[in-house]
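entry.txt (compact mmCIF, C-alpha atoms) appears below.
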```txt
# COMPACT_ATOMS: atom_id res chain seq x y z
CA MET V 1 -28.62 -75.71 -9.09
CA LYS V 2 -25.67 -78.12 -9.23
CA LYS V 3 -22.90 -77.42 -6.73
CA ILE V 4 -19.55 -78.60 -8.07
CA LEU V 5 -16.12 -78.79 -6.47
CA VAL V 6 -13.08 -78.91 -8.78
CA THR V 7 -10.15 -80.46 -6.94
CA GLY V 8 -6.90 -79.17 -8.41
CA LYS V 9 -6.71 -75.39 -8.34
CA GLY V 10 -5.30 -73.64 -11.39
CA SER V 11 -5.25 -76.69 -13.66
CA TYR V 12 -5.61 -76.17 -17.42
CA ILE V 13 -8.79 -78.21 -17.78
CA GLY V 14 -10.27 -77.14 -14.45
CA THR V 15 -9.77 -73.43 -15.11
CA HIS V 16 -11.49 -73.56 -18.50
CA PHE V 17 -14.25 -75.76 -17.09
CA ILE V 18 -14.98 -73.16 -14.41
CA GLU V 19 -14.96 -70.38 -16.98
CA GLU V 20 -17.49 -72.21 -19.14
CA LEU V 21 -19.90 -73.00 -16.31
CA SER V 22 -19.69 -69.43 -15.02
CA LYS V 23 -21.82 -68.54 -18.05
CA TYR V 24 -24.73 -70.29 -16.32
CA PRO V 25 -24.83 -68.78 -12.80
CA LYS V 26 -28.41 -69.95 -12.19
CA ASP V 27 -27.55 -73.57 -12.98
CA TYR V 28 -24.10 -74.12 -11.46
CA GLN V 29 -22.04 -73.07 -8.50
CA VAL V 30 -18.41 -74.09 -8.99
CA ASP V 31 -15.61 -73.87 -6.43
CA GLU V 32 -12.03 -75.05 -6.76
CA LEU V 33 -9.77 -76.50 -4.11
CA GLU V 34 -5.99 -76.40 -3.79
CA MET V 35 -4.53 -79.90 -3.39
CA ARG V 36 -0.80 -79.19 -2.99
CA ASP V 37 -0.87 -79.65 0.80
CA ASP V 38 -3.08 -81.42 3.32
CA ASP V 39 -5.34 -78.43 4.01
CA TRP V 40 -7.89 -79.87 1.56
CA LYS V 41 -8.71 -82.56 4.11
CA GLN V 42 -10.36 -79.92 6.29
CA HIS V 43 -12.63 -78.71 3.49
CA ASP V 44 -16.34 -79.52 3.85
CA PHE V 45 -17.40 -81.64 0.88
CA SER V 46 -20.98 -82.08 2.10
CA ALA V 47 -22.16 -78.91 0.33
CA TYR V 48 -21.47 -80.35 -3.13
CA ASP V 49 -23.37 -82.55 -5.56
CA VAL V 50 -20.33 -83.29 -7.73
CA VAL V 51 -16.58 -83.51 -7.23
CA TYR V 52 -14.57 -83.14 -10.45
CA HIS V 53 -11.07 -84.43 -9.70
CA VAL V 54 -8.51 -83.00 -12.13
CA ALA V 55 -5.49 -82.83 -9.80
CA GLY V 56 -2.65 -85.04 -10.99
CA LEU V 57 0.79 -85.41 -12.53
CA ALA V 58 1.21 -86.01 -16.25
CA HIS V 59 4.27 -86.71 -18.35
CA SER V 60 4.54 -89.30 -21.11
CA THR V 61 8.09 -90.23 -20.04
CA PRO V 62 8.44 -89.49 -16.31
CA ASP V 63 11.78 -89.69 -14.56
CA GLU V 64 12.30 -92.81 -12.45
CA SER V 65 13.05 -90.65 -9.42
CA GLN V 66 9.41 -89.49 -9.49
CA ARG V 67 7.84 -92.95 -9.32
CA ALA V 68 6.70 -92.71 -5.67
CA LEU V 69 5.37 -89.18 -6.21
CA TYR V 70 3.25 -90.25 -9.18
CA TYR V 71 1.60 -93.03 -7.19
CA ARG V 72 1.09 -90.70 -4.24
CA VAL V 73 -0.60 -88.01 -6.34
CA ASN V 74 -2.29 -89.91 -9.14
CA THR V 75 -3.33 -93.02 -7.21
CA ASP V 76 -3.49 -92.42 -3.47
CA LEU V 77 -4.73 -88.83 -3.59
CA THR V 78 -7.47 -89.75 -6.06
CA TYR V 79 -8.70 -92.49 -3.76
CA GLU V 80 -8.54 -90.27 -0.67
CA VAL V 81 -10.56 -87.54 -2.38
CA ALA V 82 -13.14 -90.00 -3.72
CA LYS V 83 -13.51 -91.64 -0.31
CA LYS V 84 -13.96 -88.28 1.40
CA ALA V 85 -16.51 -87.26 -1.22
CA LYS V 86 -18.54 -90.42 -0.68
CA GLU V 87 -18.44 -90.11 3.10
CA ALA V 88 -19.65 -86.49 2.78
CA GLY V 89 -22.68 -87.53 0.71
CA VAL V 90 -21.47 -86.24 -2.69
CA LYS V 91 -23.60 -87.84 -5.39
CA GLN V 92 -21.13 -87.97 -8.29
CA PHE V 93 -17.34 -88.22 -8.59
CA ILE V 94 -15.68 -87.49 -11.95
CA PHE V 95 -12.07 -88.66 -12.35
CA MET V 96 -9.78 -87.48 -15.13
CA SER V 97 -7.84 -90.62 -15.97
CA SER V 98 -5.99 -90.88 -19.29
CA ILE V 99 -5.81 -92.88 -22.50
CA ILE V 100 -2.27 -93.66 -21.34
CA VAL V 101 -3.73 -96.55 -19.29
CA TYR V 102 -3.89 -98.53 -22.56
CA GLY V 103 -0.19 -98.13 -23.30
CA SER V 104 1.34 -97.14 -26.63
CA GLY V 105 1.08 -100.37 -28.57
CA LYS V 106 3.74 -101.65 -30.96
CA ILE V 107 5.61 -99.33 -33.29
CA GLY V 108 4.37 -99.60 -36.88
CA GLU V 109 1.21 -101.43 -35.89
CA ASP V 110 -2.24 -99.87 -36.28
CA ARG V 111 -4.10 -99.81 -32.99
CA VAL V 112 -7.76 -99.06 -32.44
CA ILE V 113 -8.91 -98.89 -28.84
CA THR V 114 -12.25 -100.56 -28.12
CA LYS V 115 -14.15 -101.51 -24.98
CA ASP V 116 -12.24 -104.82 -24.98
CA THR V 117 -8.74 -103.32 -25.18
CA PRO V 118 -6.76 -104.39 -22.09
CA LEU V 119 -5.07 -101.86 -19.82
CA THR V 120 -1.34 -102.33 -20.43
CA PRO V 121 0.37 -99.04 -19.48
CA ASP V 122 3.97 -98.59 -20.59
CA ASN V 123 5.24 -96.81 -17.50
CA PHE V 124 4.38 -95.83 -13.95
CA TYR V 125 2.54 -92.70 -15.11
CA GLY V 126 0.01 -94.84 -16.94
CA ASP V 127 -0.02 -97.43 -14.19
CA SER V 128 -0.63 -94.78 -11.52
CA LYS V 129 -3.81 -93.79 -13.39
CA LYS V 130 -4.81 -97.43 -13.83
CA GLN V 131 -4.32 -98.14 -10.13
CA ALA V 132 -6.40 -95.09 -9.24
CA GLU V 133 -9.28 -96.47 -11.31
CA ILE V 134 -8.95 -99.86 -9.63
CA LYS V 135 -9.01 -98.31 -6.15
CA ILE V 136 -12.02 -96.02 -6.64
CA LEU V 137 -14.29 -98.42 -8.56
CA PRO V 138 -15.39 -100.36 -5.44
CA LEU V 139 -16.61 -97.09 -3.90
CA GLU V 140 -19.47 -96.77 -6.36
CA ASP V 141 -23.02 -97.60 -5.26
CA GLU V 142 -26.51 -96.33 -6.01
CA ASN V 143 -25.84 -93.15 -4.02
CA PHE V 144 -22.34 -92.47 -5.30
CA LYS V 145 -21.86 -92.45 -9.06
CA LEU V 146 -18.43 -92.65 -10.68
CA VAL V 147 -17.46 -91.20 -14.04
CA ILE V 148 -13.98 -92.17 -15.24
CA VAL V 149 -12.79 -90.33 -18.33
CA ARG V 150 -9.82 -91.55 -20.38
CA PRO V 151 -9.12 -88.67 -22.77
CA PRO V 152 -6.30 -88.57 -25.33
CA MET V 153 -4.08 -85.53 -25.87
CA ILE V 154 -6.07 -82.36 -25.16
CA TYR V 155 -5.59 -79.29 -27.33
CA GLY V 156 -7.10 -75.84 -27.13
CA PRO V 157 -6.31 -72.21 -26.27
CA ASN V 158 -2.92 -71.91 -24.54
CA SER V 159 -2.60 -75.68 -24.29
CA LYS V 160 0.66 -77.28 -23.25
CA GLY V 161 2.52 -80.38 -24.38
CA ASN V 162 3.33 -81.71 -27.85
CA TYR V 163 0.42 -80.20 -29.76
CA PRO V 164 1.40 -76.50 -29.45
CA LEU V 165 5.01 -77.40 -30.25
CA LEU V 166 3.91 -79.14 -33.43
CA ALA V 167 1.59 -76.26 -34.34
CA LYS V 168 4.41 -73.74 -33.82
CA PHE V 169 6.73 -75.79 -35.99
CA ALA V 170 4.11 -76.05 -38.75
CA LYS V 171 3.71 -72.26 -38.84
CA LYS V 172 7.43 -71.58 -39.23
CA THR V 173 8.72 -74.37 -41.45
CA ILE V 174 8.71 -74.10 -45.24
CA LEU V 175 8.37 -77.84 -45.74
CA PHE V 176 6.07 -80.17 -43.84
CA PRO V 177 5.61 -83.90 -44.46
CA THR V 178 2.31 -85.27 -45.69
CA LEU V 179 1.26 -87.77 -43.06
CA GLU V 180 -2.00 -89.44 -42.16
CA ASN V 181 -2.55 -88.69 -38.49
CA LYS V 182 -3.58 -91.76 -36.54
CA ARG V 183 -3.24 -90.35 -33.07
CA SER V 184 -6.46 -89.41 -31.35
CA MET V 185 -6.79 -85.87 -30.01
CA LEU V 186 -9.62 -84.06 -28.24
CA PHE V 187 -10.51 -80.38 -28.32
CA LEU V 188 -10.77 -78.85 -24.87
CA GLY V 189 -14.19 -77.34 -25.57
CA ASN V 190 -15.59 -80.75 -26.53
CA LEU V 191 -14.22 -82.31 -23.35
CA ILE V 192 -15.81 -79.60 -21.22
CA ALA V 193 -19.13 -80.02 -23.02
CA PHE V 194 -18.92 -83.76 -22.36
CA ILE V 195 -18.20 -83.29 -18.64
CA LYS V 196 -21.09 -80.85 -18.41
CA LEU V 197 -23.34 -83.47 -20.02
CA MET V 198 -22.17 -86.10 -17.52
CA ILE V 199 -23.16 -83.76 -14.69
CA ASP V 200 -26.49 -82.72 -16.18
CA ASN V 201 -27.54 -86.32 -16.85
CA GLU V 202 -26.03 -87.67 -13.62
CA GLU V 203 -24.19 -90.32 -15.62
CA HIS V 204 -21.79 -93.01 -14.47
CA GLY V 205 -19.37 -95.30 -16.25
CA ILE V 206 -15.96 -95.33 -17.93
CA PHE V 207 -15.58 -93.27 -21.10
CA CYS V 208 -12.90 -93.06 -23.77
CA ARG V 209 -12.40 -90.98 -26.92
CA LYS V 210 -13.43 -92.77 -30.14
CA ILE V 211 -13.02 -90.92 -33.45
CA LYS V 212 -15.61 -88.13 -33.10
CA ASN V 213 -17.00 -88.50 -29.61
CA MET V 214 -16.64 -90.02 -26.18
CA TYR V 215 -18.04 -93.52 -25.87
CA PRO V 216 -18.70 -95.75 -22.86
CA VAL V 217 -16.04 -98.36 -22.22
CA ARG V 218 -18.02 -99.66 -19.30
CA ALA V 219 -21.31 -98.61 -17.80
CA TRP V 220 -23.12 -100.03 -14.84
```
Go through the file and emit its structure as structure tokens.
Amino acid sequence: MKKILVTGKGSYIGTHFIEELSKYPKDYQVDELEMRDDDWKQHDFSAYDVVYHVAGLAHSTPDESQRALYYRVNTDLTYEVAKKAKEAGVKQFIFMSSIIVYGSGKIGEDRVITKDTPLTPDNFYGDSKKQAEIKILPLEDENFKLVIVRPPMIYGPNSKGNYPLLAKFAKKTILFPTLENKRSMLFLGNLIAFIKLMIDNEEHGIFCRKIKNMYPVRAW
């Protein structure tokens, strides 16, 4: 049985992940941990095989007044959790980064992300995720495997953000433009299945969404 700790209680992805793995009670034990105060530091991580870190702040255009908070939550907290997990003997740490680390690219220019695409975030939200990756990468060794996932916009049941707004608009409007979508999206169920596979196979590496699946950007 795999014992998994989801750090970030009540998150959209974490909640659905827990629901899915609850279907396999003989294979997985999943707990979640509140991260909004410092009480998490007293939690015993040594009982877990995997820590799935989904806690974080996300907004495509964050307010400048939140800059310090984004680095505190998305960068520093991620590193602190990963370090604690390693010190406790956790075997695998999965970090939900974001495709935002690549930046938006130039308006009107086609952009296909590959393993060679540089990380050029547009704002401190993207940079806070990039800096988190940079800080946790040196922690990896043969006894502590890192999985960094850079998903695009996630959609699914009761999802938030731009996708449900667009879907709501499409249902109510009489006219809708014919456009070729070039923005990558990922169904929540597929993401959860991918994370489950990472855990089952004890994988490590950096993964990003490419057309129909997740592909390794970097693997050790």
Counting all atoms listed in the file, give me one row per residue of range 5-84 of chain V with an atom at most 9 Å from an atom of range 185-199 of chain V, showing the shortest contact pair and its distance in Å to one decimal, sorted by chain then residue number, as CSV.
```
residue,atom,partner,partner_atom,distance
V:Ile13,CA,V:Leu188,CA,7.4
V:His16,CA,V:Ile192,CA,7.9
V:Phe17,CA,V:Ile192,CA,5.9
V:Glu20,CA,V:Ile192,CA,7.9
V:Leu21,CA,V:Lys196,CA,8.2
V:Val50,CA,V:Ile199,CA,7.5
V:Tyr52,CA,V:Ile195,CA,9.0
```
Separation of CA of Thr15 in chain V from CA of Ile100 in chain V, in Å and rounded to one decimal
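Between these atoms lies a distance of 22.5 Å.
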Counting all atoms listed in the file, figure out which residue out of V:Asp39, V:Ser11, V:Gly126, V:Asp200 gets nearest to Thr61 in chain V.
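Distance minimum relative to Thr61 in chain V lands on V:Gly126.
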From the list V:Gly89, V:Tyr28, V:Glu64, V:Arg111, which residue is nearest Ala47 in chain V when using all atoms listed in the file?
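Residue with the minimum atom-to-atom distance to Ala47 in chain V: V:Gly89.
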